[in-house]
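So the structure is just underneath, and the comments pick up after that.
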Amino acid sequence: MDTKRLRGLGVAMVTPFNLDYTIDYPAIDKLIEFLIGNGVNFLVVQGTTAETATLSDSERRKLADYIVSKVNGRVPLVLGIGGNDTKKVIDTYSKFNLGGFDAVLSVTPYYNKPTQKGIYLHFKTIAENTDLPIVLYNVPGRTGVNMTAETTLKLAHEYKGKIIAVKEASGNLNQMGYILRDRPNNFLVLSGDDGLTLPQIAMGADGVISVLGNCAPAQFSRMIKHALEGNFEEAAKIHLSLIELIDLLFAEGNPGGVKAALNALGLIENVLRLPLAPVSEATFEKIKNIITKL
């Protein structure tokens with residue numbers, strides 16, 4: 001694929017639930033229109049923010065097909081498929097109808113705490129057994145293991161055109177710097193940290209896969225557009241107007257904060273599946289006040 005289609009603002013979509021914890025498909029319709037109508041460049045389906053760990057296999061397949069039909073090619077779509085059992089990840093690919101998706105987002109294996117060799121072999125095996133381009137996802141705060149710049153670059157160079165990007169959520173600017181310096185042509189480096197997106201784009205990053213973008217897509221997409229065009233003065237103004245909201249969205253965990261924000265916007269019910277729970281009333285009121293100002 002043309003990797004430039006995954007530049008800019010990508011949003012890791014939440015999964016709206018009804019009060020009985022079933023998937024709220026009408027709310028998905030509203031969310032998709034809200035995001036596309038406010039300048040989102042691409043959507044990521046069934047990432048961490050989607051509470052994918054709590055979705056059954058049948059729910060995941062139905063939800064993926066539904067979003068493909070509603071988006072109808074208007075923006076690129078990335079499907080999250082990852083895990084800590086390499087064979088099971090490959091088996092999961094075979095169960096999805098991947099038509100309509102442009103790439104897959106695959107997280108480093110969690111809990112097992114593999115070595116760098118194990119991480120390399122995990123993604124090597126996936127790349128050799130799947131058809132869609134792969135976006136690597138490094139988020140050591142959730143997985144318990146960091147994929148080093150050396151491992152990322154080895155995969156990027158050996159599987160050029162197949163492993164097309166990394167969502168780098170280590171928060172380590174030096175690590176991202178090495179990847180940016182030594183990456184092959186057309187390999188994208190995407191931020192996985194909303195609050196670091198501006199400085200990372202200043203270093204050469206290509207955009208972000210965002211949580212904030214769910215509830216402030218117009219503002220965040222403008223900030224990213226300014227930054228990618230080198231207009232950092234305007235980008236900084238928007239960035240500074242959003243930092244308090246970013247902090248609040250993560251104050252009691254993700255996606256609790258962003259679901260509270262979307263509820264304040266009237267787009268979804270404020271419902272999460274256990275073991276996650278809604279944010280406290282105090283945090284909700286702070287989020288609501290900021291959303292109202294925005």
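In the structure tokens, the first chain shown is A, the next is B, and so on; residue numbers restart at 1 for each chain, and ligands run from 1 in the order shown.
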- Task: Find the spatial neighbours of A:Val189, counting only C-alpha atoms, within a cut-off of 10 Å - ignore same-chain residues fewer than 3 positions away - and output them as a list in words.
- Result: Leu6, Arg7, Val135, Leu136, Ile164, Ala165, Val166, Lys167, Glu168, Met176, Gly177, Ile179, Leu180, Arg183, Asn186, Gly192, Gln200, Ile201, Gly204, Ala205, Asp206, Gly207 and Val208 of chain A
- Members of stretch 85-285 of chain A assigned strand (DSSP E) by DSSP, as a VMD selection string: chain A and resid 103 to 107 134 to 138 163 to 168 188 to 191 207 to 210
Save the residues we just selected, N, CA, C and O atoms, as a CSV table (one decimal), in the first residue's frame?
```
chain,number,residue,atom,x,y,z
A,103,ALA,N,-4.2,-2.4,6.5
A,103,ALA,CA,-3.1,-2.9,7.3
A,103,ALA,C,-3.6,-3.5,8.6
A,103,ALA,O,-4.7,-3.3,9.0
A,104,VAL,N,-2.7,-4.2,9.3
A,104,VAL,CA,-3.0,-4.7,10.6
A,104,VAL,C,-2.0,-4.0,11.6
A,104,VAL,O,-0.8,-3.8,11.3
A,105,LEU,N,-2.4,-3.8,12.8
A,105,LEU,CA,-1.6,-3.3,13.9
A,105,LEU,C,-1.4,-4.5,14.9
A,105,LEU,O,-2.3,-5.1,15.4
A,106,SER,N,-0.1,-4.8,15.1
A,106,SER,CA,0.2,-6.0,15.9
A,106,SER,C,1.1,-5.6,17.0
A,106,SER,O,2.3,-5.2,16.8
A,107,VAL,N,0.7,-5.8,18.3
A,107,VAL,CA,1.4,-5.5,19.5
A,107,VAL,C,2.5,-6.5,19.8
A,107,VAL,O,2.4,-7.7,19.4
A,134,ILE,N,1.9,-4.7,7.8
A,134,ILE,CA,1.9,-4.8,9.3
A,134,ILE,C,2.5,-3.5,9.9
A,134,ILE,O,3.5,-3.0,9.4
A,135,VAL,N,1.7,-3.0,10.8
A,135,VAL,CA,2.2,-1.9,11.7
A,135,VAL,C,2.6,-2.5,13.0
A,135,VAL,O,1.8,-3.0,13.7
A,136,LEU,N,3.9,-2.4,13.4
A,136,LEU,CA,4.3,-2.9,14.7
A,136,LEU,C,3.8,-1.9,15.8
A,136,LEU,O,3.6,-0.7,15.5
A,137,TYR,N,3.6,-2.5,17.0
A,137,TYR,CA,3.1,-1.7,18.1
A,137,TYR,C,3.9,-2.0,19.3
A,137,TYR,O,3.9,-3.1,19.8
A,138,ASN,N,4.7,-1.0,19.7
A,138,ASN,CA,5.6,-1.1,20.9
A,138,ASN,C,5.0,-0.3,22.0
A,138,ASN,O,5.0,1.0,22.0
A,163,ILE,N,6.4,-5.0,6.5
A,163,ILE,CA,6.3,-4.3,7.8
A,163,ILE,C,6.5,-2.8,7.5
A,163,ILE,O,7.6,-2.4,7.2
A,164,ILE,N,5.4,-2.0,7.5
A,164,ILE,CA,5.5,-0.7,6.9
A,164,ILE,C,5.5,0.5,7.9
A,164,ILE,O,5.7,1.6,7.5
A,165,ALA,N,5.4,0.2,9.2
A,165,ALA,CA,5.3,1.3,10.2
A,165,ALA,C,5.5,0.7,11.6
A,165,ALA,O,5.4,-0.5,11.8
A,166,VAL,N,5.7,1.6,12.5
A,166,VAL,CA,5.7,1.3,13.9
A,166,VAL,C,4.9,2.3,14.7
A,166,VAL,O,5.1,3.5,14.4
A,167,LYS,N,4.1,1.9,15.6
A,167,LYS,CA,3.4,2.8,16.6
A,167,LYS,C,4.3,2.7,17.8
A,167,LYS,O,4.4,1.7,18.5
A,168,GLU,N,5.1,3.8,18.0
A,168,GLU,CA,6.1,3.8,19.1
A,168,GLU,C,5.5,4.5,20.3
A,168,GLU,O,5.4,5.7,20.3
A,188,LEU,N,7.0,4.2,8.1
A,188,LEU,CA,6.4,5.3,8.9
A,188,LEU,C,6.7,5.1,10.4
A,188,LEU,O,6.7,3.9,10.9
A,189,VAL,N,6.9,6.2,11.1
A,189,VAL,CA,7.0,6.2,12.5
A,189,VAL,C,5.9,7.0,13.1
A,189,VAL,O,5.8,8.2,12.8
A,190,LEU,N,5.0,6.3,13.8
A,190,LEU,CA,3.8,7.0,14.4
A,190,LEU,C,3.9,7.0,15.9
A,190,LEU,O,4.3,6.0,16.5
A,191,SER,N,3.5,8.1,16.5
A,191,SER,CA,3.5,8.3,17.9
A,191,SER,C,2.4,7.4,18.5
A,191,SER,O,1.3,7.3,17.9
A,207,GLY,N,3.0,11.1,12.3
A,207,GLY,CA,1.7,11.2,12.8
A,207,GLY,C,1.5,10.5,14.1
A,207,GLY,O,2.5,10.2,14.8
A,208,VAL,N,0.3,10.1,14.4
A,208,VAL,CA,-0.1,9.4,15.7
A,208,VAL,C,-1.2,8.5,15.5
A,208,VAL,O,-2.1,8.7,14.6
A,209,ILE,N,-1.2,7.4,16.3
A,209,ILE,CA,-2.4,6.6,16.5
A,209,ILE,C,-2.9,7.0,17.9
A,209,ILE,O,-2.3,6.7,18.9
A,210,SER,N,-4.1,7.7,18.0
A,210,SER,CA,-4.4,8.5,19.1
A,210,SER,C,-5.6,8.0,19.9
A,210,SER,O,-6.6,7.4,19.3
```
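The interatomic distance for the pair atom CA of A:Glu285 and atom CA of A:Leu265 works out to 12.5 Å.
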- Using only C-alpha atoms, which residue out of A:Ala202, A:Leu196, A:Ile32, A:Tyr93 lies closest to A:Glu229?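 Comparing A:Ala202, A:Leu196, A:Ile32, A:Tyr93 against A:Glu229, the winner is A:Ala202.
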- Rank A:Tyr178, A:Phe187, A:Phe96, A:Phe232 by their smallest atom-to-atom distance to A:Arg60, using only C-alpha atoms, and report the top residue only.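 When distances to A:Arg60 are compared using only C-alpha atoms, the smallest one comes from A:Phe96.
Nearest-residue note for A:Ser69: choosing from A:Ile28, A:Val145, A:Ala156, A:Cys215, the minimum distance belongs to A:Ile28, counting only C-alpha atoms.
In this comparison, which uses only C-alpha atoms, the residue of A:Pro16, A:Gly266, A:Pro114, A:Asp247 approaching A:Asn84 most closely is A:Pro114.
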- Selection near A:Met147, 8 Å with only C-alpha atoms, sequence-local residues under 4 positions removed, as a PyMOL selection string: chain A and resi 108+116+119+138+140+151-152
Serialized selection, all heavy atoms, as a PDB file, in the first residue's frame:
```
ATOM      1  N   THR A 108       3.552  -6.019  20.437  1.00  0.00           N
ATOM      2  CA  THR A 108       4.575  -6.947  20.907  1.00  0.00           C
ATOM      3  C   THR A 108       3.953  -7.920  21.913  1.00  0.00           C
ATOM      4  O   THR A 108       3.032  -7.562  22.645  1.00  0.00           O
ATOM      5  CB  THR A 108       5.729  -6.191  21.593  1.00  0.00           C
ATOM      6  OG1 THR A 108       5.184  -5.344  22.608  1.00  0.00           O
ATOM      7  CG2 THR A 108       6.512  -5.361  20.605  1.00  0.00           C
ATOM      8  N   GLN A 116      14.623  -9.935  22.785  1.00  0.00           N
ATOM      9  CA  GLN A 116      14.563  -9.265  21.480  1.00  0.00           C
ATOM     10  C   GLN A 116      14.553 -10.288  20.349  1.00  0.00           C
ATOM     11  O   GLN A 116      13.874 -10.095  19.331  1.00  0.00           O
ATOM     12  CB  GLN A 116      15.743  -8.300  21.326  1.00  0.00           C
ATOM     13  CG  GLN A 116      15.717  -7.139  22.307  1.00  0.00           C
ATOM     14  CD  GLN A 116      14.438  -6.314  22.220  1.00  0.00           C
ATOM     15  OE1 GLN A 116      14.067  -5.823  21.162  1.00  0.00           O
ATOM     16  NE2 GLN A 116      13.750  -6.154  23.349  1.00  0.00           N
ATOM     17  N   ILE A 119      10.990 -11.475  20.090  1.00  0.00           N
ATOM     18  CA  ILE A 119      10.134 -10.468  19.456  1.00  0.00           C
ATOM     19  C   ILE A 119      10.374 -10.451  17.951  1.00  0.00           C
ATOM     20  O   ILE A 119       9.424 -10.427  17.154  1.00  0.00           O
ATOM     21  CB  ILE A 119      10.407  -9.076  20.061  1.00  0.00           C
ATOM     22  CG1 ILE A 119       9.977  -9.035  21.525  1.00  0.00           C
ATOM     23  CG2 ILE A 119       9.673  -7.992  19.266  1.00  0.00           C
ATOM     24  CD1 ILE A 119      10.407  -7.778  22.244  1.00  0.00           C
ATOM     25  N   ASN A 138       4.702  -0.963  19.741  1.00  0.00           N
ATOM     26  CA  ASN A 138       5.568  -1.107  20.910  1.00  0.00           C
ATOM     27  C   ASN A 138       5.019  -0.271  22.049  1.00  0.00           C
ATOM     28  O   ASN A 138       5.023   0.963  21.994  1.00  0.00           O
ATOM     29  CB  ASN A 138       6.987  -0.640  20.577  1.00  0.00           C
ATOM     30  CG  ASN A 138       7.949  -0.850  21.736  1.00  0.00           C
ATOM     31  OD1 ASN A 138       7.889  -1.874  22.431  1.00  0.00           O
ATOM     32  ND2 ASN A 138       8.836   0.108  21.960  1.00  0.00           N
ATOM     33  N   PRO A 140       5.593  -0.740  25.937  1.00  0.00           N
ATOM     34  CA  PRO A 140       6.123  -1.489  27.082  1.00  0.00           C
ATOM     35  C   PRO A 140       5.365  -1.265  28.381  1.00  0.00           C
ATOM     36  O   PRO A 140       5.361  -2.146  29.257  1.00  0.00           O
ATOM     37  CB  PRO A 140       7.570  -1.003  27.193  1.00  0.00           C
ATOM     38  CG  PRO A 140       7.637   0.256  26.399  1.00  0.00           C
ATOM     39  CD  PRO A 140       6.622   0.118  25.322  1.00  0.00           C
ATOM     40  N   THR A 151      15.772  -3.797  17.078  1.00  0.00           N
ATOM     41  CA  THR A 151      14.844  -4.830  16.620  1.00  0.00           C
ATOM     42  C   THR A 151      13.838  -4.260  15.620  1.00  0.00           C
ATOM     43  O   THR A 151      13.553  -4.886  14.578  1.00  0.00           O
ATOM     44  CB  THR A 151      14.104  -5.439  17.824  1.00  0.00           C
ATOM     45  OG1 THR A 151      15.071  -6.013  18.718  1.00  0.00           O
ATOM     46  CG2 THR A 151      13.126  -6.521  17.387  1.00  0.00           C
ATOM     47  N   THR A 152      13.302  -3.094  15.912  1.00  0.00           N
ATOM     48  CA  THR A 152      12.362  -2.446  14.995  1.00  0.00           C
ATOM     49  C   THR A 152      13.005  -2.231  13.631  1.00  0.00           C
ATOM     50  O   THR A 152      12.408  -2.531  12.586  1.00  0.00           O
ATOM     51  CB  THR A 152      11.896  -1.098  15.567  1.00  0.00           C
ATOM     52  OG1 THR A 152      11.234  -1.315  16.810  1.00  0.00           O
ATOM     53  CG2 THR A 152      10.952  -0.388  14.605  1.00  0.00           C
TER      54      THR A 152
END
```
- Pick out each residue of stretch 36-155 of chain A that DSSP on the backbone tags as alpha helix (DSSP H); I need them as a PyMOL selection string. chain A and resi 36-37+57-71+86-95+116-127+140-143+149-155
Expected file: the selected residues, N, CA and C atoms, as a CSV table (one decimal), in the first residue's frame:
```csv
chain,number,residue,atom,x,y,z
A,36,ILE,N,-14.8,11.0,11.0
A,36,ILE,CA,-14.4,11.3,9.6
A,36,ILE,C,-14.8,12.7,9.3
A,37,GLY,N,-15.9,13.2,9.8
A,37,GLY,CA,-16.4,14.6,9.5
A,37,GLY,C,-15.4,15.6,10.2
A,57,ASP,N,-14.7,-13.7,20.0
A,57,ASP,CA,-14.2,-13.9,18.6
A,57,ASP,C,-15.4,-13.5,17.6
A,58,SER,N,-16.6,-13.9,17.9
A,58,SER,CA,-17.7,-13.6,17.0
A,58,SER,C,-18.0,-12.1,17.0
A,59,GLU,N,-17.9,-11.5,18.2
A,59,GLU,CA,-18.1,-10.0,18.3
A,59,GLU,C,-17.0,-9.3,17.5
A,60,ARG,N,-15.8,-9.8,17.6
A,60,ARG,CA,-14.7,-9.1,16.8
A,60,ARG,C,-15.0,-9.2,15.3
A,61,ARG,N,-15.3,-10.3,14.8
A,61,ARG,CA,-15.6,-10.5,13.4
A,61,ARG,C,-16.7,-9.6,12.9
A,62,LYS,N,-17.8,-9.7,13.7
A,62,LYS,CA,-19.0,-8.9,13.3
A,62,LYS,C,-18.7,-7.4,13.3
A,63,LEU,N,-18.0,-7.0,14.4
A,63,LEU,CA,-17.7,-5.6,14.5
A,63,LEU,C,-16.8,-5.1,13.4
A,64,ALA,N,-15.8,-5.9,13.1
A,64,ALA,CA,-14.9,-5.5,12.0
A,64,ALA,C,-15.6,-5.3,10.7
A,65,ASP,N,-16.5,-6.3,10.4
A,65,ASP,CA,-17.2,-6.2,9.1
A,65,ASP,C,-18.2,-5.0,9.1
A,66,TYR,N,-18.8,-4.7,10.2
A,66,TYR,CA,-19.7,-3.6,10.3
A,66,TYR,C,-19.0,-2.3,10.1
A,67,ILE,N,-17.8,-2.1,10.7
A,67,ILE,CA,-17.1,-0.8,10.5
A,67,ILE,C,-16.6,-0.7,9.1
A,68,VAL,N,-16.2,-1.8,8.5
A,68,VAL,CA,-15.8,-1.7,7.1
A,68,VAL,C,-17.0,-1.2,6.2
A,69,SER,N,-18.1,-1.7,6.5
A,69,SER,CA,-19.3,-1.4,5.6
A,69,SER,C,-19.7,0.1,5.9
A,70,LYS,N,-19.6,0.6,7.1
A,70,LYS,CA,-20.0,1.9,7.4
A,70,LYS,C,-19.0,3.0,6.9
A,71,VAL,N,-17.7,2.6,7.0
A,71,VAL,CA,-16.7,3.6,6.5
A,71,VAL,C,-16.7,3.6,5.0
A,86,THR,N,2.2,-16.8,19.1
A,86,THR,CA,2.5,-16.5,17.7
A,86,THR,C,1.5,-17.3,16.8
A,87,LYS,N,1.4,-18.6,17.1
A,87,LYS,CA,0.5,-19.4,16.2
A,87,LYS,C,-0.9,-18.9,16.3
A,88,LYS,N,-1.4,-18.6,17.5
A,88,LYS,CA,-2.7,-18.1,17.7
A,88,LYS,C,-3.0,-16.8,16.9
A,89,VAL,N,-2.0,-15.9,16.9
A,89,VAL,CA,-2.1,-14.7,16.1
A,89,VAL,C,-2.3,-15.0,14.6
A,90,ILE,N,-1.5,-15.9,14.1
A,90,ILE,CA,-1.7,-16.3,12.7
A,90,ILE,C,-3.0,-16.9,12.4
A,91,ASP,N,-3.5,-17.8,13.4
A,91,ASP,CA,-4.8,-18.4,13.2
A,91,ASP,C,-5.9,-17.3,13.2
A,92,THR,N,-5.7,-16.3,14.1
A,92,THR,CA,-6.7,-15.3,14.1
A,92,THR,C,-6.9,-14.5,12.8
A,93,TYR,N,-5.7,-14.3,12.2
A,93,TYR,CA,-5.8,-13.6,10.8
A,93,TYR,C,-6.7,-14.4,9.9
A,94,SER,N,-6.6,-15.7,9.9
A,94,SER,CA,-7.3,-16.6,9.0
A,94,SER,C,-8.8,-16.5,9.2
A,95,LYS,N,-9.2,-16.1,10.4
A,95,LYS,CA,-10.6,-16.1,10.7
A,95,LYS,C,-11.3,-14.8,10.4
A,116,GLN,N,14.6,-9.9,22.8
A,116,GLN,CA,14.6,-9.3,21.5
A,116,GLN,C,14.6,-10.3,20.3
A,117,LYS,N,15.3,-11.4,20.5
A,117,LYS,CA,15.3,-12.5,19.5
A,117,LYS,C,13.8,-13.0,19.4
A,118,GLY,N,13.2,-13.2,20.5
A,118,GLY,CA,11.8,-13.7,20.5
A,118,GLY,C,10.8,-12.8,19.8
A,119,ILE,N,11.0,-11.5,20.1
A,119,ILE,CA,10.1,-10.5,19.5
A,119,ILE,C,10.4,-10.5,18.0
A,120,TYR,N,11.6,-10.5,17.6
A,120,TYR,CA,12.0,-10.5,16.1
A,120,TYR,C,11.4,-11.7,15.4
A,121,LEU,N,11.5,-12.9,16.0
A,121,LEU,CA,11.0,-14.1,15.4
A,121,LEU,C,9.5,-14.1,15.4
A,122,HIS,N,8.9,-13.5,16.4
A,122,HIS,CA,7.4,-13.4,16.4
A,122,HIS,C,6.9,-12.7,15.2
A,123,PHE,N,7.4,-11.5,15.0
A,123,PHE,CA,7.0,-10.6,13.9
A,123,PHE,C,7.5,-11.2,12.5
A,124,LYS,N,8.6,-11.8,12.5
A,124,LYS,CA,9.1,-12.5,11.3
A,124,LYS,C,8.1,-13.5,10.8
A,125,THR,N,7.7,-14.3,11.8
A,125,THR,CA,6.7,-15.4,11.5
A,125,THR,C,5.4,-14.9,11.0
A,126,ILE,N,4.9,-13.8,11.7
A,126,ILE,CA,3.6,-13.2,11.3
A,126,ILE,C,3.8,-12.6,9.8
A,127,ALA,N,4.9,-11.9,9.6
A,127,ALA,CA,5.1,-11.3,8.3
A,127,ALA,C,5.1,-12.3,7.2
A,140,PRO,N,5.6,-0.7,25.9
A,140,PRO,CA,6.1,-1.5,27.1
A,140,PRO,C,5.4,-1.3,28.4
A,141,GLY,N,4.7,-0.1,28.5
A,141,GLY,CA,3.9,0.1,29.7
A,141,GLY,C,2.8,-0.8,29.9
A,142,ARG,N,2.3,-1.4,28.8
A,142,ARG,CA,1.2,-2.4,28.9
A,142,ARG,C,1.7,-3.8,28.7
A,143,THR,N,2.8,-4.0,27.9
A,143,THR,CA,3.2,-5.4,27.6
A,143,THR,C,4.3,-6.0,28.6
A,149,ALA,N,15.0,-0.1,19.4
A,149,ALA,CA,15.2,0.5,18.0
A,149,ALA,C,15.9,-0.5,17.1
A,150,GLU,N,16.8,-1.2,17.6
A,150,GLU,CA,17.6,-2.2,16.8
A,150,GLU,C,16.7,-3.3,16.2
A,151,THR,N,15.8,-3.8,17.1
A,151,THR,CA,14.8,-4.8,16.6
A,151,THR,C,13.8,-4.3,15.6
A,152,THR,N,13.3,-3.1,15.9
A,152,THR,CA,12.4,-2.4,15.0
A,152,THR,C,13.0,-2.2,13.6
A,153,LEU,N,14.2,-1.7,13.6
A,153,LEU,CA,14.9,-1.4,12.4
A,153,LEU,C,15.3,-2.7,11.6
A,154,LYS,N,15.6,-3.7,12.3
A,154,LYS,CA,15.9,-5.0,11.6
A,154,LYS,C,14.7,-5.5,10.9
A,155,LEU,N,13.6,-5.5,11.6
A,155,LEU,CA,12.3,-5.9,10.9
A,155,LEU,C,11.9,-5.0,9.8
```
Contacts of A:Lys225 within 10 Å, only C-alpha atoms, excl. fewer than 5 positions in-chain, as an mmCIF file with C-alpha atoms, in the first residue's frame:
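Okay, out-v4.cif is ready:
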```
data_model
loop_
_atom_site.group_PDB
_atom_site.id
_atom_site.type_symbol
_atom_site.label_atom_id
_atom_site.label_comp_id
_atom_site.auth_asym_id
_atom_site.auth_seq_id
_atom_site.Cartn_x
_atom_site.Cartn_y
_atom_site.Cartn_z
ATOM 1 C CA ARG A 7 0.219 9.706 7.850
ATOM 2 C CA GLY A 8 -1.455 12.248 10.107
ATOM 3 C CA LEU A 9 -4.137 11.504 12.665
ATOM 4 C CA GLY A 39 -10.635 15.399 9.713
ATOM 5 C CA GLY A 207 1.672 11.228 12.814
ATOM 6 C CA PHE A 220 -5.982 17.371 17.166
ATOM 7 C CA GLY A 230 6.281 22.831 9.765
ATOM 8 C CA ASN A 231 3.997 25.461 11.279
ATOM 9 C CA PHE A 232 5.045 24.719 14.834
ATOM 10 C CA GLU A 234 0.258 27.301 15.481
ATOM 11 C CA ALA A 235 0.678 23.623 16.345
#
```
- Return the single residue from A:Asp29, A:Asp193, A:Glu281, A:Asp2 that is closest to A:Gly213, with distances computed using only C-alpha atoms.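 Closest candidate: A:Asp193.
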- Message: With only C-alpha atoms as the counted atoms, please give the residues lying no more than 9 Å from A:Val44, apart from itself and same-chain residues fewer than 2 positions off, as JSON, numbers by chain.
- Response: {"A": [10, 11, 12, 13, 42, 46, 47, 76, 77, 78, 79, 80, 104, 105, 209]}
- Item | Nearest residue to A:Leu240 from the set A:Gly195, A:Gly99, A:Pro278, A:Gly253 (distances using only C-alpha atoms) |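 Checking each of A:Gly195, A:Gly99, A:Pro278, A:Gly253 against A:Leu240, counting only C-alpha atoms, the winner is A:Gly195.
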- Could you state the separation of atom CA of A:Asn72 and atom CA of A:Glu51 in Å, given to one decimal place?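 Spanning atom CA of A:Asn72 to atom CA of A:Glu51 is a straight-line distance of 23.4 Å.
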